>>> print(open('data.txt').read())   # compact mmCIF, C-alpha atoms
# COMPACT_ATOMS: atom_id res chain seq x y z
CA MET A 1 58.52 165.58 92.54
CA THR A 2 58.21 161.85 92.09
CA ARG A 3 54.91 159.97 92.16
CA ARG A 4 55.86 158.52 95.53
CA MET A 5 56.28 162.03 96.90
CA TRP A 6 52.92 163.06 95.46
CA ILE A 7 51.34 160.04 97.11
CA ALA A 8 52.87 161.10 100.44
CA VAL A 9 51.71 164.72 100.08
CA LEU A 10 48.15 163.74 99.13
CA ALA A 11 48.01 161.21 101.96
CA LEU A 12 49.08 163.91 104.41
CA GLY A 13 46.24 166.11 103.19
CA GLY A 14 43.84 163.20 103.58
CA PHE A 15 45.11 162.64 107.11
CA PHE A 16 44.26 166.22 108.09
CA LEU A 17 40.80 165.86 106.55
CA ALA A 18 40.12 162.60 108.40
CA ALA A 19 41.56 164.03 111.62
CA TYR A 20 39.14 166.97 111.38
CA LEU A 21 36.19 164.62 110.99
CA THR A 22 37.45 162.45 113.84
CA LEU A 23 37.73 165.50 116.11
CA TYR A 24 34.16 166.42 115.16
CA HIS A 25 32.97 162.91 115.99
CA TYR A 26 34.50 163.05 119.46
CA GLY A 27 33.12 166.54 120.17
CA TYR A 28 36.32 168.58 119.88
CA VAL A 29 34.91 170.51 116.94
CA GLY A 30 31.59 172.10 117.85
CA GLN A 31 29.90 172.29 114.48
CA ILE A 32 31.26 170.84 111.30
CA ALA A 33 31.82 173.37 108.53
CA CYS A 34 29.85 171.67 105.79
CA GLY A 35 27.18 174.10 104.72
CA SER A 36 24.59 171.55 103.61
CA GLY A 37 23.89 169.57 106.78
CA GLY A 38 24.73 166.35 104.96
CA CYS A 39 28.00 165.91 106.81
CA GLU A 40 26.32 165.74 110.19
CA THR A 41 23.73 163.30 108.85
CA VAL A 42 26.39 161.01 107.38
CA GLN A 43 28.60 161.19 110.47
CA ALA A 44 25.67 160.34 112.77
CA SER A 45 24.40 157.45 110.63
CA ARG A 46 25.12 153.80 111.33
CA TYR A 47 27.55 153.93 108.41
CA GLY A 48 29.61 156.52 110.29
CA LYS A 49 31.19 153.72 112.34
CA PHE A 50 33.07 150.59 111.36
CA LEU A 51 33.82 147.88 113.93
CA GLY A 52 32.80 150.28 116.69
CA TYR A 53 35.10 153.14 115.67
CA PRO A 54 34.36 156.22 113.55
CA VAL A 55 35.08 155.73 109.86
CA ALA A 56 37.02 159.00 110.01
CA LEU A 57 39.39 157.48 112.58
CA TRP A 58 39.96 154.50 110.28
CA GLY A 59 40.58 157.00 107.49
CA ALA A 60 43.14 158.87 109.57
CA GLY A 61 44.95 155.59 110.20
CA TYR A 62 44.80 154.70 106.52
CA TYR A 63 46.15 158.06 105.37
CA ALA A 64 48.90 158.02 108.03
CA SER A 65 49.95 154.54 106.89
CA VAL A 66 50.01 155.54 103.22
CA PHE A 67 51.98 158.67 104.10
CA ALA A 68 54.56 156.68 106.09
CA LEU A 69 54.93 154.00 103.42
CA ALA A 70 55.16 156.46 100.51
CA THR A 71 57.64 158.65 102.38
CA ALA A 72 59.84 155.68 103.26
CA ALA A 73 59.68 154.55 99.63
CA ALA A 74 60.44 158.04 98.27
CA VAL A 75 63.18 159.37 100.54
CA GLY A 76 63.66 156.76 103.22
CA PRO A 77 65.23 153.37 103.63
CA PHE A 78 63.03 151.63 101.06
CA THR A 79 63.80 153.72 97.97
CA GLU A 80 65.48 150.75 96.27
CA SER A 81 63.05 148.12 97.60
CA LYS A 82 60.39 146.67 95.35
CA TRP A 83 57.75 145.77 97.96
CA PRO A 84 56.45 149.27 98.91
CA VAL A 85 54.86 149.93 95.52
CA PRO A 86 52.70 146.76 95.34
CA ALA A 87 51.83 147.35 98.99
CA LEU A 88 50.60 150.85 98.10
CA VAL A 89 48.57 149.45 95.19
CA LEU A 90 46.90 146.84 97.40
CA PHE A 91 46.29 149.23 100.29
CA ASN A 92 44.87 151.97 98.08
CA GLY A 93 42.88 149.45 96.02
CA TRP A 94 41.16 148.15 99.14
CA SER A 95 40.46 151.74 100.16
CA VAL A 96 38.86 152.48 96.78
CA LEU A 97 36.47 149.58 97.38
CA PHE A 98 35.68 150.72 100.92
CA SER A 99 35.18 154.33 99.79
CA GLY A 100 32.91 153.09 97.01
CA TYR A 101 30.83 151.21 99.58
CA LEU A 102 30.58 154.31 101.77
CA THR A 103 29.64 156.49 98.80
CA TRP A 104 26.94 153.96 97.86
CA ALA A 105 25.66 154.15 101.45
CA GLU A 106 25.55 157.94 101.29
CA LEU A 107 23.60 157.94 98.05
CA PHE A 108 21.19 155.07 98.57
CA LYS A 109 20.91 154.39 102.32
CA ILE A 110 21.58 157.64 104.14
CA ASN A 111 20.25 159.94 101.39
CA ALA A 112 22.77 162.62 102.34
CA ILE A 113 26.11 163.67 100.91
CA CYS A 114 29.08 164.69 103.03
CA ARG A 115 31.35 167.01 101.06
CA TYR A 116 34.36 165.89 103.07
CA CYS A 117 33.58 162.26 102.32
CA VAL A 118 33.37 163.02 98.60
CA VAL A 119 36.77 164.75 98.75
CA SER A 120 38.20 161.79 100.65
CA ALA A 121 36.79 159.30 98.13
CA ALA A 122 38.28 161.30 95.25
CA LEU A 123 41.60 161.49 97.09
CA VAL A 124 41.61 157.73 97.61
CA LEU A 125 40.96 157.21 93.91
CA VAL A 126 43.83 159.54 92.95
CA LEU A 127 46.14 157.75 95.39
CA PHE A 128 45.19 154.43 93.82
CA VAL A 129 45.79 155.69 90.27
CA LEU A 130 49.17 157.15 91.24
CA SER A 131 50.10 153.88 92.94
CA VAL A 132 49.17 151.85 89.86
CA LEU A 133 51.15 154.22 87.62
CA GLU A 134 54.15 153.90 89.93
CA TRP A 135 53.80 150.11 89.97
CA ARG A 136 53.70 149.97 86.16
CA ALA A 137 56.72 152.28 85.89
CA SER A 138 58.70 150.23 88.39
CA ARG A 139 57.85 147.01 86.54
CA GLU A 140 58.94 148.55 83.22
CA ALA A 141 62.17 149.81 84.81
CA GLY A 142 62.79 146.33 86.19
CA SER A 143 62.26 144.69 82.80
CA ILE A 144 64.55 147.22 81.11
CA ALA A 145 67.25 146.62 83.72
CA ALA A 146 66.94 142.84 83.21
CA THR A 147 67.70 143.08 79.48
>>> encode(input="data.txt", output="structure tokens")
Amino acid sequence: MTRRMWIAVLALGGFFLAAYLTLYHYGYVGQIACGSGGCETVQASRYGKFLGYPVALWGAGYYASVFALATAAAVGPFTESKWPVPALVLFNGWSVLFSGYLTWAELFKINAICRYCVVSAALVLVLFVLSVLEWRASREAGSIAAT
């Protein structure tokens, strides 16, 4: 599997995670399966929403977008295009910053840890690293082809 495919697969997993948390937020999941109680605390905090919508919903949109872009770049119409890879780097880089902010809020403002949020933050970091590696490889391939 290529890195772009791995990015798509991991983003799909992140989408399901964020969708689960979104369903919990809107009351479709009775009790969140967390075990520590920290997930409910984090979800109910003021940091659980961004611009009036649950952070989990934003996360679902993010993961769906990364999945669509990576899939189109791996097996779709943009396999030969150069723009999807820098777009993935920028998108995932911004998400690393946002996840870092939310993790900081969990640790120092909310004083509770959501296991799902930690998994999501780690997933975002892996997606960013894979995107950077793919960007570097595509740049090297471009410089080799130019010689």
>>> closest_atom_pairs(input="data.txt", of="stretch 34-131 of chain A", to="stretch 17-23 of chain A", cutoff="7 Å", atoms="only C-alpha atoms", output="tab-separated table")
residue	atom	partner	partner_atom	distance
A:Pro54	CA	A:Thr22	CA	7.0
A:Ala56	CA	A:Ala18	CA	5.0
A:Leu57	CA	A:Thr22	CA	5.5
A:Gly59	CA	A:Ala18	CA	5.7
A:Ala60	CA	A:Ala18	CA	4.9
>>> residues_around(input="data.txt", residues="A:Ser81", least_positions_apart="4", cutoff="12 Å", atoms="all atoms listed in the file", output="VMD selection string")
chain A and resid 69 to 70 72 to 77 85 to 87 138 142
>>> residues_near_point(input="data.txt", point="(51.4, 159.2, 97.6)", cutoff="9 Å", atoms="all atoms listed in the file", output="list in words")
Arg3, Arg4, Met5, Trp6, Ile7, Ala8, Val9, Leu10, Ala11, Leu12, Val66, Phe67, Leu69, Ala70, Thr71, Leu88, Val126, Leu127, Phe128, Leu130 and Ser131 of chain A
>>> write_last_selection(input="data.txt", atoms="C-alpha atoms", output="mmCIF file, in the coordinates of the input")
data_model
loop_
_atom_site.group_PDB
_atom_site.id
_atom_site.type_symbol
_atom_site.label_atom_id
_atom_site.label_comp_id
_atom_site.auth_asym_id
_atom_site.auth_seq_id
_atom_site.Cartn_x
_atom_site.Cartn_y
_atom_site.Cartn_z
ATOM 1 C CA ARG A 3 54.910 159.970 92.160
ATOM 2 C CA ARG A 4 55.860 158.520 95.530
ATOM 3 C CA MET A 5 56.280 162.030 96.900
ATOM 4 C CA TRP A 6 52.920 163.060 95.460
ATOM 5 C CA ILE A 7 51.340 160.040 97.110
ATOM 6 C CA ALA A 8 52.870 161.100 100.440
ATOM 7 C CA VAL A 9 51.710 164.720 100.080
ATOM 8 C CA LEU A 10 48.150 163.740 99.130
ATOM 9 C CA ALA A 11 48.010 161.210 101.960
ATOM 10 C CA LEU A 12 49.080 163.910 104.410
ATOM 11 C CA VAL A 66 50.010 155.540 103.220
ATOM 12 C CA PHE A 67 51.980 158.670 104.100
ATOM 13 C CA LEU A 69 54.930 154.000 103.420
ATOM 14 C CA ALA A 70 55.160 156.460 100.510
ATOM 15 C CA THR A 71 57.640 158.650 102.380
ATOM 16 C CA LEU A 88 50.600 150.850 98.100
ATOM 17 C CA VAL A 126 43.830 159.540 92.950
ATOM 18 C CA LEU A 127 46.140 157.750 95.390
ATOM 19 C CA PHE A 128 45.190 154.430 93.820
ATOM 20 C CA LEU A 130 49.170 157.150 91.240
ATOM 21 C CA SER A 131 50.100 153.880 92.940
#
>>> residues_around(input="data.txt", residues="stretch 105-114 of chain A", least_positions_apart="6", cutoff="7 Å", atoms="only C-alpha atoms", output="VMD selection string")
chain A and resid 38 to 39 41 to 42
>>> atom_distance(input="data.txt", atom1="atom CA of A:Ser45", atom2="atom CA of A:Cys117")
13.3 Å
>>> closest_residue(input="data.txt", among="A:Tyr62, A:Tyr53, A:Tyr26, A:Phe16", to="A:Phe98", atoms="all atoms listed in the file")
A:Tyr62
>>> atom_distance(input="data.txt", atom1="atom CA of A:Gly52", atom2="atom CA of A:Val119")
23.4 Å
>>> atom_distance(input="data.txt", atom1="atom CA of A:Gly93", atom2="atom CA of A:Glu80")
22.6 Å
